[in-house]
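Raw contents of model_32.tsv, TSV, C-alpha atoms and all ligand atoms:
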chain	number	residue	atom	x	y	z
A	788	MET	CA	0.00	0.00	0.00
A	789	ASN	CA	3.02	2.27	0.58
A	790	ARG	CA	3.65	2.25	-3.14
A	791	LEU	CA	0.32	4.02	-3.45
A	792	GLY	CA	1.26	6.58	-0.85
A	793	ASN	CA	-1.55	5.53	1.49
A	794	TYR	CA	-4.13	7.68	-0.17
A	795	PRO	CA	-7.65	6.97	1.07
A	796	LEU	CA	-9.74	5.59	-1.81
A	797	PRO	CA	-12.22	8.53	-1.73
A	798	SER	CA	-9.32	10.93	-2.33
A	799	LEU	CA	-8.35	8.98	-5.46
A	800	PHE	CA	-11.91	9.03	-6.80
A	801	PHE	CA	-12.05	12.72	-6.00
A	802	ALA	CA	-8.83	13.35	-7.95
A	803	GLY	CA	-10.26	11.27	-10.82
A	804	LEU	CA	-13.42	13.37	-10.83
A	805	LEU	CA	-11.34	16.56	-10.78
A	806	LEU	CA	-9.48	15.31	-13.83
A	807	PHE	CA	-12.76	15.27	-15.78
A	808	LEU	CA	-14.48	18.20	-14.08
A	809	SER	CA	-11.56	20.42	-15.07
A	810	ARG	CA	-11.24	18.63	-18.41
A	811	LEU	CA	-7.51	18.01	-18.08
A	812	GLN	CA	-7.70	15.37	-20.85
A	813	ALA	CA	-4.75	13.30	-19.58
A	814	VAL	CA	-3.90	11.68	-16.26
A	815	ARG	CA	-0.40	13.17	-16.15
A	816	GLN	CA	-1.92	16.67	-16.25
A	817	ILE	CA	-3.04	16.15	-12.65
A	818	LYS	CA	0.57	16.68	-11.57
A	819	PHE	CA	0.98	19.85	-13.62
A	820	ARG	CA	-2.40	21.46	-13.02
A	821	LEU	CA	-3.77	20.28	-9.70
A	822	HIS	CA	-0.70	20.22	-7.46
A	823	THR	CA	-0.94	23.72	-5.98
A	824	GLN	CA	-0.48	24.59	-2.32
A	825	ALA	CA	-4.17	25.50	-2.04
A	826	ALA	CA	-5.17	22.12	-3.49
A	827	LYS	CA	-2.88	20.27	-1.07
A	828	THR	CA	-4.43	22.14	1.85
A	829	THR	CA	-7.88	21.19	0.62
A	830	PHE	CA	-6.89	17.51	0.35
A	831	GLN	CA	-5.58	17.72	3.92
A	832	THR	CA	-8.93	19.10	5.09
A	833	LEU	CA	-11.09	16.68	3.13
A	834	PHE	CA	-9.07	13.47	3.29
A	835	GLY	CA	-6.40	13.98	6.00
A	836	LYS	CA	-3.58	13.79	3.46
A	837	ALA	CA	-1.70	16.95	2.58
A	838	SER	CA	-0.98	16.12	-1.05
A	839	VAL	CA	-2.80	15.49	-4.28
A	840	PRO	CA	-2.23	11.99	-5.69
A	841	HIS	CA	-0.34	11.50	-8.94
A	842	GLY	CA	-1.88	9.94	-12.01
A	843	ASP	CA	0.28	6.83	-11.52
A	844	THR	CA	-1.30	6.26	-8.12
A	845	LEU	CA	-4.77	6.53	-9.63
A	846	ASN	CA	-3.87	4.08	-12.40
A	847	ALA	CA	-2.29	1.54	-10.05
A	848	THR	CA	-5.30	1.60	-7.72
A	849	PHE	CA	-8.08	1.71	-10.32
A	850	ALA	CA	-6.68	-1.39	-12.06
A	851	ASN	CA	-7.45	-3.39	-8.91
A	852	LEU	CA	-11.01	-2.25	-8.27
A	853	ASP	CA	-14.30	-3.90	-9.11
A	854	PRO	CA	-15.69	-1.58	-11.81
A	855	ASP	CA	-19.26	-2.78	-11.15
A	856	GLN	CA	-19.11	-1.09	-7.78
A	857	LEU	CA	-18.43	2.21	-9.50
A	858	GLY	CA	-20.97	1.54	-12.22
A	859	VAL	CA	-23.82	1.90	-9.73
A	860	LEU	CA	-22.84	5.49	-8.92
A	861	PRO	CA	-24.10	7.21	-12.11
A	862	THR	CA	-27.33	5.21	-11.64
A	863	SER	CA	-27.75	6.43	-8.10
A	864	MET	CA	-27.07	10.05	-9.15
A	865	VAL	CA	-29.92	9.85	-11.67
A	866	ARG	CA	-32.14	8.06	-9.14
A	867	THR	CA	-31.62	10.91	-6.68
A	868	LEU	CA	-32.47	13.49	-9.33
A	869	ILE	CA	-35.67	11.59	-10.18
A	870	ARG	CA	-36.66	11.23	-6.51
A	871	LYS	CA	-36.05	14.92	-5.90
A	872	ARG	CA	-38.19	15.67	-8.95
A	873	VAL	CA	-35.45	17.65	-10.66
A	874	LEU	CA	-36.15	16.04	-14.04
A	875	GLU	CA	-39.97	16.06	-14.06
A	876	LYS	CA	-40.32	18.88	-16.57
A	877	GLY	CA	-38.22	17.02	-19.13
A	878	ARG	CA	-40.52	13.96	-19.25
A	879	PHE	CA	-42.37	12.85	-22.36
A	880	LEU	CA	-46.04	13.87	-22.09
A	881	ARG	CA	-45.30	14.82	-18.44
A	882	ARG	CA	-45.19	11.12	-17.61
A	883	PHE	CA	-42.44	9.05	-19.19
A	884	TYR	CA	-38.74	9.42	-18.52
A	885	MET	CA	-36.98	9.12	-21.87
A	886	ILE	CA	-34.06	6.75	-21.87
A	887	ALA	CA	-31.96	6.63	-25.03
A	888	ILE	CA	-29.81	3.54	-25.47
A	889	ASP	CA	-27.00	3.55	-27.99
A	890	GLY	CA	-23.58	2.05	-28.50
A	891	THR	CA	-20.36	3.90	-29.13
A	892	GLY	CA	-16.70	3.04	-29.63
A	893	VAL	CA	-14.50	4.19	-26.78
A	894	TYR	CA	-11.10	2.92	-27.88
A	895	VAL	CA	-9.79	1.47	-31.09
A	896	PHE	CA	-6.37	-0.19	-31.38
A	897	HIS	CA	-4.40	-1.43	-34.38
A	898	GLN	CA	-3.02	-4.35	-32.37
A	899	ARG	CA	-4.73	-6.60	-29.91
A	900	HIS	CA	-4.89	-4.69	-26.64
A	901	CYS	CA	-6.36	-7.36	-24.34
A	902	GLU	CA	-8.32	-10.60	-24.50
A	903	HIS	CA	-11.63	-8.70	-24.20
A	904	CYS	CA	-11.27	-6.55	-27.34
A	905	THR	CA	-13.95	-7.07	-29.96
A	906	THR	CA	-12.61	-7.17	-33.51
A	907	LYS	CA	-13.67	-6.09	-36.96
A	908	THR	CA	-11.79	-7.11	-40.08
A	909	HIS	CA	-12.08	-5.01	-43.20
A	910	ASN	CA	-10.00	-5.59	-46.36
A	911	GLY	CA	-7.79	-8.03	-44.47
A	912	LYS	CA	-7.01	-5.49	-41.72
A	913	THR	CA	-8.24	-6.21	-38.19
A	914	LEU	CA	-9.03	-3.47	-35.69
A	915	TYR	CA	-9.53	-4.03	-31.95
A	916	TYR	CA	-12.32	-2.21	-30.14
A	917	HIS	CA	-13.58	-1.37	-26.72
A	918	MET	CA	-17.20	-0.33	-27.02
A	919	VAL	CA	-19.95	0.49	-24.61
A	920	LEU	CA	-23.74	0.48	-24.74
A	921	GLU	CA	-24.94	3.55	-22.89
A	922	ALA	CA	-28.35	4.24	-21.39
A	923	LYS	CA	-28.77	7.97	-20.97
A	924	LEU	CA	-31.75	9.78	-19.58
A	925	VAL	CA	-32.49	12.52	-22.09
A	926	THR	CA	-34.86	15.38	-21.44
A	927	SER	CA	-36.88	17.50	-23.82
A	928	ASP	CA	-34.81	20.49	-22.72
A	929	GLY	CA	-31.45	19.05	-23.67
A	930	LEU	CA	-29.89	17.01	-20.86
A	931	ALA	CA	-28.25	13.63	-21.52
A	932	LEU	CA	-27.35	11.99	-18.19
A	933	SER	CA	-25.69	8.58	-18.01
A	934	VAL	CA	-28.00	6.10	-16.26
A	935	MET	CA	-25.93	2.98	-16.78
A	936	SER	CA	-23.33	1.52	-19.10
A	937	GLU	CA	-22.79	-1.97	-20.41
A	938	PHE	CA	-19.37	-2.74	-21.85
A	939	ILE	CA	-19.31	-4.69	-25.09
A	940	GLU	CA	-16.45	-7.15	-24.71
A	941	ASN	CA	-15.53	-10.72	-25.47
A	942	PRO	CA	-14.91	-13.29	-22.72
A	943	ASN	CA	-11.61	-14.36	-24.37
A	944	GLU	CA	-9.58	-14.00	-27.56
A	945	ASN	CA	-11.50	-16.61	-29.53
A	946	PRO	CA	-15.19	-16.52	-28.63
A	947	SER	CA	-17.55	-18.66	-30.71
A	948	LYS	CA	-19.60	-15.50	-31.29
A	949	GLN	CA	-18.50	-11.94	-30.50
A	950	ASP	CA	-20.28	-9.73	-28.03
A	951	CYS	CA	-22.41	-7.04	-29.71
A	952	GLU	CA	-24.83	-4.20	-29.05
A	953	ILE	CA	-27.89	-6.44	-29.11
A	954	LYS	CA	-26.42	-8.91	-26.59
A	955	ALA	CA	-25.37	-6.00	-24.41
A	956	PHE	CA	-28.90	-4.59	-24.67
A	957	HIS	CA	-30.32	-7.77	-23.10
A	958	ARG	CA	-27.90	-7.47	-20.16
A	959	LEU	CA	-28.48	-3.75	-19.78
A	960	ALA	CA	-32.28	-4.10	-19.91
A	961	GLU	CA	-32.19	-6.54	-17.02
A	962	LYS	CA	-30.10	-4.17	-14.91
A	963	LEU	CA	-32.26	-1.19	-15.86
A	964	LYS	CA	-35.45	-2.97	-14.78
A	965	GLN	CA	-33.83	-3.96	-11.50
A	966	ALA	CA	-32.66	-0.42	-10.82
A	967	PHE	CA	-35.96	1.26	-11.75
A	968	PRO	CA	-38.70	-1.39	-11.41
A	969	ASN	CA	-41.65	1.01	-11.50
A	970	LEU	CA	-40.38	4.02	-13.39
A	971	PRO	CA	-42.53	4.98	-16.41
A	972	ILE	CA	-39.98	4.73	-19.23
A	973	LEU	CA	-40.05	5.53	-22.93
A	974	LEU	CA	-37.05	3.84	-24.56
A	975	LEU	CA	-35.58	5.67	-27.55
A	976	LEU	CA	-33.62	3.33	-29.81
A	977	ASP	CA	-32.04	3.35	-33.22
A	978	GLY	CA	-32.99	1.08	-36.09
A	979	LEU	CA	-30.68	-1.73	-35.02
A	980	PHE	CA	-33.13	-2.53	-32.22
A	981	ALA	CA	-36.28	-2.80	-34.36
A	982	GLU	CA	-36.78	-6.52	-33.78
A	983	GLY	CA	-38.99	-9.00	-31.92
A	984	PRO	CA	-36.71	-9.79	-28.97
A	985	VAL	CA	-36.44	-6.08	-28.13
A	986	PHE	CA	-40.22	-5.58	-28.43
A	987	GLN	CA	-40.65	-8.59	-26.14
A	988	ILE	CA	-38.32	-7.15	-23.46
A	989	CYS	CA	-40.24	-3.87	-23.55
A	990	ARG	CA	-43.57	-5.73	-23.23
A	991	GLN	CA	-42.31	-7.78	-20.27
A	992	ASN	CA	-40.85	-4.74	-18.52
A	993	ARG	CA	-43.86	-2.55	-19.30
A	994	TRP	CA	-41.66	-0.01	-21.09
A	995	GLU	CA	-42.93	2.14	-23.92
A	996	PHE	CA	-40.64	2.34	-26.92
A	997	LEU	CA	-39.95	4.53	-29.92
A	998	ILE	CA	-37.53	2.93	-32.37
A	999	VAL	CA	-36.22	4.23	-35.68
A	1000	LEU	CA	-37.76	2.27	-38.54
A	1001	LYS	CA	-35.53	2.14	-41.59
A	1002	ASP	CA	-36.79	1.19	-45.05
A	1003	ALA	CA	-34.98	-2.15	-44.99
A	1004	ASP	CA	-36.14	-3.21	-41.49
A	1005	LEU	CA	-39.37	-5.07	-40.63
A	1006	PRO	CA	-40.40	-5.32	-44.33
A	1007	SER	CA	-43.94	-6.51	-43.56
A	1008	VAL	CA	-44.53	-3.54	-41.24
A	1009	ASN	CA	-43.10	-1.03	-43.73
A	1010	GLN	CA	-45.26	-2.58	-46.47
A	1011	GLU	CA	-48.42	-2.49	-44.37
A	1012	PHE	CA	-47.72	1.15	-43.48
A	1013	ARG	CA	-47.40	2.08	-47.16
A	1014	ASN	CA	-50.52	0.10	-48.10
A	1015	LEU	CA	-52.72	1.60	-45.39
A	1016	LEU	CA	-51.55	5.19	-45.60
A	1017	PRO	CA	-53.68	6.20	-48.64
A	1018	LEU	CA	-56.74	4.66	-46.96
A	1019	ASN	CA	-56.26	6.64	-43.74
A	1020	GLN	CA	-56.00	10.24	-44.87
A	1021	GLU	CA	-57.39	11.40	-41.53
A	1022	ASN	CA	-54.20	10.17	-39.80
A	1023	THR	CA	-52.23	13.21	-40.81
A	1024	LYS	CA	-51.14	16.48	-39.35
A	1025	ILE	CA	-49.19	19.38	-40.81
A	1026	LYS	CA	-47.11	21.77	-38.78
A	1027	ARG	CA	-45.54	24.94	-40.15
A	1028	GLN	CA	-42.92	26.87	-38.25
A	1029	GLU	CA	-40.51	29.49	-39.57
A	1030	GLY	CA	-40.35	28.09	-43.07
A	1031	LEU	CA	-40.11	24.47	-41.86
A	1032	ILE	CA	-43.00	22.30	-42.96
A	1033	GLN	CA	-43.52	19.03	-41.13
A	1034	HIS	CA	-45.97	16.52	-42.47
A	1035	TYR	CA	-46.90	13.81	-39.98
A	1036	SER	CA	-48.75	10.61	-40.86
A	1037	TRP	CA	-49.31	7.43	-38.93
A	1038	ILE	CA	-50.92	4.00	-38.87
A	1039	ASN	CA	-51.79	2.25	-35.61
A	1040	ASP	CA	-52.18	-1.44	-34.80
A	1041	ILE	CA	-50.02	-3.01	-37.48
A	1042	SER	CA	-49.68	-6.66	-36.56
A	1043	TYR	CA	-46.15	-8.05	-36.62
A	1044	ARG	CA	-45.14	-11.68	-36.12
A	1045	ASP	CA	-41.48	-12.15	-35.21
A	1046	THR	CA	-39.22	-15.04	-36.22
A	1047	VAL	CA	-40.33	-17.18	-33.26
A	1048	GLY	CA	-44.04	-16.49	-33.74
A	1049	ARG	CA	-44.67	-13.82	-31.13
A	1050	VAL	CA	-47.22	-11.26	-32.25
A	1051	PHE	CA	-46.89	-7.54	-31.53
A	1052	SER	CA	-49.21	-4.68	-32.31
A	1053	LEU	CA	-47.04	-1.84	-33.60
A	1054	ASN	CA	-47.74	1.79	-34.39
A	1055	VAL	CA	-45.80	3.57	-37.11
A	1056	LEU	CA	-45.23	7.32	-37.27
A	1057	GLU	CA	-43.66	9.13	-40.19
A	1058	CYS	CA	-42.51	12.74	-40.32
A	1059	ARG	CA	-41.55	14.35	-43.60
A	1060	GLU	CA	-39.71	17.61	-43.08
A	1061	LYS	CA	-39.07	20.24	-45.67
A	1062	LEU	CA	-36.85	23.25	-45.22
A	1063	ALA	CA	-34.20	23.53	-47.94
A	1064	ASP	CA	-33.99	19.75	-48.30
A	1065	GLU	CA	-36.56	17.13	-47.58
A	1066	HIS	CA	-35.99	14.48	-44.92
A	1067	THR	CA	-38.17	11.58	-43.88
A	1068	HIS	CA	-38.05	10.03	-40.41
A	1069	ARG	CA	-40.03	6.95	-39.44
A	1070	TRP	CA	-40.44	5.26	-36.10
A	1071	VAL	CA	-42.17	2.19	-34.76
A	1072	SER	CA	-43.73	2.66	-31.33
A	1073	SER	CA	-45.73	0.98	-28.59
A	1074	GLN	CA	-47.54	4.30	-28.10
A	1075	LYS	CA	-50.79	4.61	-29.99
A	1076	ILE	CA	-50.45	7.67	-32.21
A	1077	THR	CA	-53.07	10.42	-32.17
A	1078	PRO	CA	-53.30	13.96	-33.56
A	1079	ASP	CA	-52.47	15.12	-30.02
A	1080	ASN	CA	-49.26	13.18	-29.46
A	1081	ALA	CA	-47.85	12.79	-33.00
A	1082	VAL	CA	-45.74	15.95	-32.81
A	1083	SER	CA	-44.48	15.18	-29.28
A	1084	LEU	CA	-43.56	11.64	-30.28
A	1085	ALA	CA	-41.55	12.81	-33.29
A	1086	LYS	CA	-39.81	15.32	-31.04
A	1087	ALA	CA	-38.97	12.49	-28.61
A	1088	GLY	CA	-37.59	10.56	-31.60
A	1089	ARG	CA	-35.32	13.49	-32.35
A	1090	ASP	CA	-34.40	13.77	-28.64
A	1091	ARG	CA	-32.70	10.41	-29.15
A	1092	TRP	CA	-30.01	12.30	-31.05
A	1093	LYS	CA	-29.05	13.96	-27.79
A	1094	ILE	CA	-27.27	10.77	-26.81
A	1095	GLU	CA	-25.11	11.41	-29.89
A	1096	ASN	CA	-24.74	15.18	-29.56
A	1097	GLN	CA	-24.92	16.19	-25.91
A	1098	GLY	CA	-23.76	12.72	-24.95
A	1099	PHE	CA	-21.04	11.12	-27.07
A	1100	ASN	CA	-19.95	14.17	-29.03
A	1101	THR	CA	-19.42	16.31	-25.93
A	1102	GLN	CA	-17.57	13.49	-24.23
A	1103	LYS	CA	-15.36	12.81	-27.24
A	1104	ASN	CA	-14.71	16.21	-28.74
A	1105	LEU	CA	-15.51	18.94	-26.24
A	1106	GLY	CA	-12.97	18.44	-23.53
A	1107	PHE	CA	-13.70	15.11	-21.82
A	1108	ALA	CA	-11.50	13.22	-24.31
A	1109	LEU	CA	-13.56	10.03	-23.97
A	1110	GLU	CA	-11.42	8.29	-26.58
A	1111	HIS	CA	-8.16	9.12	-24.86
A	1112	PRO	CA	-6.95	5.98	-23.04
A	1113	TYR	CA	-6.72	7.32	-19.48
A	1114	SER	CA	-5.64	3.83	-18.51
A	1115	GLU	CA	-4.39	0.97	-20.70
A	1116	ASP	CA	-5.66	-1.49	-18.13
A	1117	PRO	CA	-9.01	-3.09	-19.10
A	1118	VAL	CA	-10.35	-2.58	-15.56
A	1119	GLY	CA	-8.81	0.84	-14.99
A	1120	MET	CA	-10.33	2.14	-18.22
A	1121	LYS	CA	-13.81	1.26	-16.95
A	1122	VAL	CA	-13.23	3.10	-13.69
A	1123	TYR	CA	-12.22	6.22	-15.62
A	1124	TYR	CA	-15.23	5.77	-17.89
A	1125	PHE	CA	-17.63	5.88	-14.93
A	1126	LEU	CA	-15.85	8.86	-13.36
A	1127	LEU	CA	-16.18	10.67	-16.69
A	1128	GLN	CA	-19.93	9.96	-16.76
A	1129	MET	CA	-20.36	11.33	-13.25
A	1130	ALA	CA	-18.34	14.45	-14.04
A	1131	HIS	CA	-20.42	15.06	-17.17
A	1132	THR	CA	-23.67	14.79	-15.21
A	1133	TRP	CA	-22.30	17.20	-12.62
A	1134	GLY	CA	-21.22	19.63	-15.37
A	1135	GLN	CA	-24.65	19.59	-17.01
A	1136	LEU	CA	-26.39	20.24	-13.69
A	1137	CYS	CA	-24.04	23.14	-12.98
A	1138	GLU	CA	-24.60	24.60	-16.40
A	1139	ARG	CA	-28.35	24.32	-16.18
A	1140	GLY	CA	-28.88	24.85	-12.45
A	1141	ARG	CA	-30.41	28.03	-11.10
A	1142	ALA	CA	-27.77	28.46	-8.37
A	1143	LEU	CA	-24.85	29.03	-10.71
A	1144	LYS	CA	-26.93	31.21	-12.99
A	1145	LYS	CA	-27.71	33.43	-10.03
A	1146	ALA	CA	-24.07	33.55	-8.96
A	1147	VAL	CA	-22.76	34.19	-12.48
A	1148	PRO	CA	-25.56	36.04	-14.27
A	1149	GLU	CA	-23.34	36.85	-17.27
A	1150	GLY	CA	-23.10	33.09	-17.90
A	1151	PHE	CA	-20.19	30.97	-19.04
A	1152	GLY	CA	-20.64	30.89	-22.79
A	1153	ALA	CA	-19.92	27.17	-22.94
A	1154	LEU	CA	-19.77	24.14	-20.70
A	1155	LYS	CA	-15.99	23.99	-21.02
A	1156	ASN	CA	-15.67	27.48	-19.58
A	1157	ILE	CA	-17.34	26.18	-16.42
A	1158	ALA	CA	-14.55	23.59	-16.34
A	1159	PHE	CA	-11.96	26.34	-16.71
A	1160	ARG	CA	-13.45	28.42	-13.89
A	1161	PHE	CA	-13.70	25.30	-11.78
A	1162	LEU	CA	-10.01	24.52	-12.35
A	1163	GLU	CA	-9.04	28.08	-11.39
A	1164	GLU	CA	-11.12	27.92	-8.20
A	1165	TRP	CA	-9.60	24.59	-7.35
A	1166	ARG	CA	-6.01	25.73	-7.89
A	1167	ASN	CA	-6.46	28.89	-5.85
A	1168	SER	CA	-9.20	28.07	-3.37
A	1169	SER	CA	-9.01	30.10	-0.21
A	1170	ILE	CA	-11.71	28.09	1.56
A	1171	VAL	CA	-10.35	27.26	5.01
A	1172	ALA	CA	-10.95	24.09	7.00
A	1173	ALA	CA	-13.78	25.50	9.12
A	1174	GLU	CA	-15.63	26.66	5.99
A	1175	TRP	CA	-15.28	23.21	4.39
A	1176	GLY	CA	-16.98	21.80	7.49
A	1177	GLN	CA	-19.93	24.12	6.96
A	1178	LEU	CA	-20.05	23.44	3.22
A	1179	LEU	CA	-20.09	19.67	3.68
A	1180	ASN	CA	-23.01	19.94	6.09
A	1181	LEU	CA	-25.09	21.99	3.70
A	1182	GLY	CA	-27.96	20.21	2.01
A	1183	ILE	CA	-27.61	20.45	-1.75
A	1184	GLN	CA	-30.61	21.42	-3.78
A	1185	VAL	CA	-30.55	21.24	-7.54
A	1186	ARG	CA	-33.16	23.25	-9.39
A	1187	LEU	CA	-32.89	23.51	-13.13
A	1188	ASP	CA	-33.36	26.80	-14.87
A	1189	THR	CA	-36.22	26.32	-17.32
A	1190	SER	CA	-36.37	29.89	-18.61
B	1	ZN	ZN	-8.76	-4.75	-25.08
Is it possible to express this structure as C-alpha cells?
Ligand SMILES: [Zn+2]
Amino acid sequence: MNRLGNYPLPSLFFAGLLLFLSRLQAVRQIKFRLHTQAAKTTFQTLFGKASVPHGDTLNATFANLDPDQLGVLPTSMVRTLIRKRVLEKGRFLRRFYMIAIDGTGVYVFHQRHCEHCTTKTHNGKTLYYHMVLEAKLVTSDGLALSVMSEFIENPNENPSKQDCEIKAFHRLAEKLKQAFPNLPILLLLDGLFAEGPVFQICRQNRWEFLIVLKDADLPSVNQEFRNLLPLNQENTKIKRQEGLIQHYSWINDISYRDTVGRVFSLNVLECREKLADEHTHRWVSSQKITPDNAVSLAKAGRDRWKIENQGFNTQKNLGFALEHPYSEDPVGMKVYYFLLQMAHTWGQLCERGRALKKAVPEGFGALKNIAFRFLEEWRNSSIVAAEWGQLLNLGIQVRLDTS
C-alpha cells in the first residue's frame, strides 16, 4: 500500500473526478495542473492527506477495483435526481422518462490490446475495439445523463460469437429494470433494435418504446404502413414553423409476427420535413399515435439524437476526451469511464442549475468554460478548514433553470 502513498480511496476518486471536471484530458496533467499549495491544503482538510495523488497512483489503484461497484454510482445520481423531482419537466407527455440507449466506440487499437477486445476485419485489416452500450436519460430540454453503461467485450480471444450491441442490450435491460422497477420509461432506440426480442423485453418490462424504422427493417410492417396510408387520410397532421413544414402521418395497430411467432401490435409514425432539403423520419412505437401526441412523439424521436450530440460528441470532442486511453488497463479504463460519466452529469447540472446562474448572471458561454473556472477555483481556493466543514453539512438542492 506504501507504493500508493496511502491515499484513502475517496481521495483517489475525487482526484479522478477533478481530472474530468476540469477537463484536463490526460492523467499526467493532474501533476501539472492540480498540485498547488491551495489544493494540497484542501486535500488535507477533506481526506487527511496533505498532497494530491499522482496519475500513476490513480492508475495503479483503479486497475485493482471492481468496476461494477463504480458503475452503480451514475445510476444512483440519476435516481436521486428523479426522486427529488429535478427532471420532471423534461418527461415525455409529463409522464415518461426518456431513456436513449445507444452504443459507441470508446477505444480502437491497431493491435490486440487485451483478451476482451472485440474485432472487426475489413479488407484483411483487423481493428480491436472497446465499445460500450450507454443508457442515458435525455430530457426534452437538452440534458443527456448517463444512467448505466454496459461494456461490449468478449470473454476471451476466440469466442464462438463476439459480443455485440444487441447482446449488451439484453444485459443492460435486465439491470435497468432492476434499478428502476416502477419508473414509467419511454425507450428511444435506433434502427438496429427494431426486432422482436427487443419488443418482447419492452412488453415484459412494461416499457414504452420509440424505435427508428428504416426502409430495410421489418419489411412486412413497412409494407403495411405504405398500403394503409392512402386509406387513412385522416391520420395526418401538418405543422408549419418558420419556413419548416412538417408533415406527420401514422398507422396504428399493425400486426407483426417475429421469427419465433410472437405477435406484436405496432404503431408507425412518419414525419416528412421540408426546409431547404426534404428528410423523412419513421419510427415504430408501442404508443398509440393520435393527432395530439404525434408531434411530441416525433420530437422524442429526435431527442434520441441527444445521446449522440450532448452525450457522445461532448464526451469525445468537447474536452472530456472520452477516446483518450486514461488507462491501458481493461479494468482501470472502466473506472475512468464511470468517473467521466459522473463528471459530465455534474457539469450539465451546474450549467443548467439556477444556483450558478444566479451567482454568475453573465453566464459561461460554454460548458468547457465552467470547467476552466472550476479549475481556477480549485487551484487557488481560499476556503479554510472550518468553511469546508460548513459546506459539507449543507444540504444540496438542484433546481434547473427552465427559462
Ligand atoms: Zn482490449
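The environment of Phe849 of chain A within 10 Å, counting all atoms listed in the file and disregarding residues fewer than 6 places along the same chain, consists of A:Leu796, A:Leu799, A:Phe800, A:Gly803, A:Asp843, A:Ser1114, A:Asp1116, A:Val1118, A:Gly1119, A:Met1120, A:Lys1121, A:Val1122, A:Tyr1123.
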Could you turn the residues from that selection into a file that holds C-alpha atoms, as a PDB file, keeping the file's coordinate frame?
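Here's the written file part.pdb:
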ATOM      1  CA  LEU A 796      -9.740   5.590  -1.810  1.00  0.00           C
ATOM      2  CA  LEU A 799      -8.350   8.980  -5.460  1.00  0.00           C
ATOM      3  CA  PHE A 800     -11.910   9.030  -6.800  1.00  0.00           C
ATOM      4  CA  GLY A 803     -10.260  11.270 -10.820  1.00  0.00           C
ATOM      5  CA  ASP A 843       0.280   6.830 -11.520  1.00  0.00           C
ATOM      6  CA  SER A1114      -5.640   3.830 -18.510  1.00  0.00           C
ATOM      7  CA  ASP A1116      -5.660  -1.490 -18.130  1.00  0.00           C
ATOM      8  CA  VAL A1118     -10.350  -2.580 -15.560  1.00  0.00           C
ATOM      9  CA  GLY A1119      -8.810   0.840 -14.990  1.00  0.00           C
ATOM     10  CA  MET A1120     -10.330   2.140 -18.220  1.00  0.00           C
ATOM     11  CA  LYS A1121     -13.810   1.260 -16.950  1.00  0.00           C
ATOM     12  CA  VAL A1122     -13.230   3.100 -13.690  1.00  0.00           C
ATOM     13  CA  TYR A1123     -12.220   6.220 -15.620  1.00  0.00           C
TER      14      TYR A1123
END
> Which residues sit within 9 Å of ligand ZN 1 (chain B), counting all atoms listed in the file, listed as a ChimeraX atom specification?
Replying inline: /A:894-896,899-905,915-917,940,1115-1117
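Minimum atom-to-atom distances from A:Gly1134, A:Gly1098, A:Gly1152, A:Gly1140 to Asp889 of chain A were compared using only C-alpha atoms, and the lowest value belongs to A:Gly1098.
Take the candidates A:Lys907, A:Lys836, A:Lys871, A:Lys923 and check each one against Gln1184 of chain A using all atoms listed in the file; the shortest distance goes to A:Lys871.
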> Mind pulling up the distance from atom CA of Gln949 of chain A to atom CA of Val919 of chain A?
Replying inline: 13.8 Å
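Taking atom CA of Leu1162 of chain A and atom CA of Val859 of chain A as the two end points, the separation is 26.6 Å.
Proximity to Ile1076 of chain A was assessed for A:Lys1024, A:Lys1155, A:Arg990, A:Lys1144 counting only C-alpha atoms; the smallest distance is recorded for A:Lys1024.
Among the candidates A:Val893, A:Val873, A:Gly983, A:Ser1169, the one nearest to Gly1048 of chain A when counting all atoms listed in the file is A:Gly983.
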> Pick from A:Ala813, A:Leu880, A:Ala837, A:Leu1015: nearest to Ser798 of chain A, with only C-alpha atoms counted?
Replying inline: A:Ala837
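Separating atom CA of Phe996 of chain A from atom CA of Leu975 of chain A is a distance of 6.1 Å.
Minimum distance to Tyr884 of chain A across A:Ser1007, A:Thr926, A:Ser1052, A:Asn969 (counting only C-alpha atoms) occurs at A:Thr926.
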Report as a CSV table (one decimal) with C-alpha atoms, in the frame of the given file all protein, DNA and RNA residues lying within 10 Å of Arg1166 of chain A, evaluated on all atoms listed in the file, omitting residues in the same chain fewer than 2 positions from it.
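What landed in around_1.csv:
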chain,number,residue,atom,x,y,z
A,820,ARG,CA,-2.4,21.5,-13.0
A,821,LEU,CA,-3.8,20.3,-9.7
A,822,HIS,CA,-0.7,20.2,-7.5
A,823,THR,CA,-0.9,23.7,-6.0
A,824,GLN,CA,-0.5,24.6,-2.3
A,825,ALA,CA,-4.2,25.5,-2.0
A,826,ALA,CA,-5.2,22.1,-3.5
A,827,LYS,CA,-2.9,20.3,-1.1
A,829,THR,CA,-7.9,21.2,0.6
A,1160,ARG,CA,-13.4,28.4,-13.9
A,1161,PHE,CA,-13.7,25.3,-11.8
A,1162,LEU,CA,-10.0,24.5,-12.4
A,1163,GLU,CA,-9.0,28.1,-11.4
A,1164,GLU,CA,-11.1,27.9,-8.2
A,1168,SER,CA,-9.2,28.1,-3.4
A,1169,SER,CA,-9.0,30.1,-0.2
Please list as a PDB file with C-alpha atoms, in the frame of the given file every residue within 8 Å of His841 of chain A, counting only C-alpha atoms and excluding residues in the same chain fewer than 3 positions away.
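Result file is part-v4.pdb:
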ATOM      1  CA  ARG A 815      -0.400  13.170 -16.150  1.00  0.00           C
ATOM      2  CA  ILE A 817      -3.040  16.150 -12.650  1.00  0.00           C
ATOM      3  CA  LYS A 818       0.570  16.680 -11.570  1.00  0.00           C
ATOM      4  CA  THR A 844      -1.300   6.260  -8.120  1.00  0.00           C
ATOM      5  CA  LEU A 845      -4.770   6.530  -9.630  1.00  0.00           C
TER       6      LEU A 845
END
Cut-off 10 Å: closest segment 1016-1101 of chain A/segment 984-989 of chain A atom pairs per residue, using all atoms listed in the file, as CSV:
residue,atom,partner,partner_atom,distance
A:Asp1045,CA,A:Pro984,CA,8.2
A:Thr1046,CA,A:Pro984,CA,9.3
A:Val1047,CA,A:Pro984,CA,9.3
A:Arg1049,CA,A:Gln987,CA,8.3
A:Val1050,CA,A:Gln987,CA,9.4
A:Phe1051,CA,A:Phe986,CA,7.6
A:Ser1052,CA,A:Phe986,CA,9.8
A:Leu1053,CA,A:Phe986,CA,9.3
A:Ser1072,CA,A:Phe986,CA,9.4
A:Ser1073,CA,A:Phe986,CA,8.6
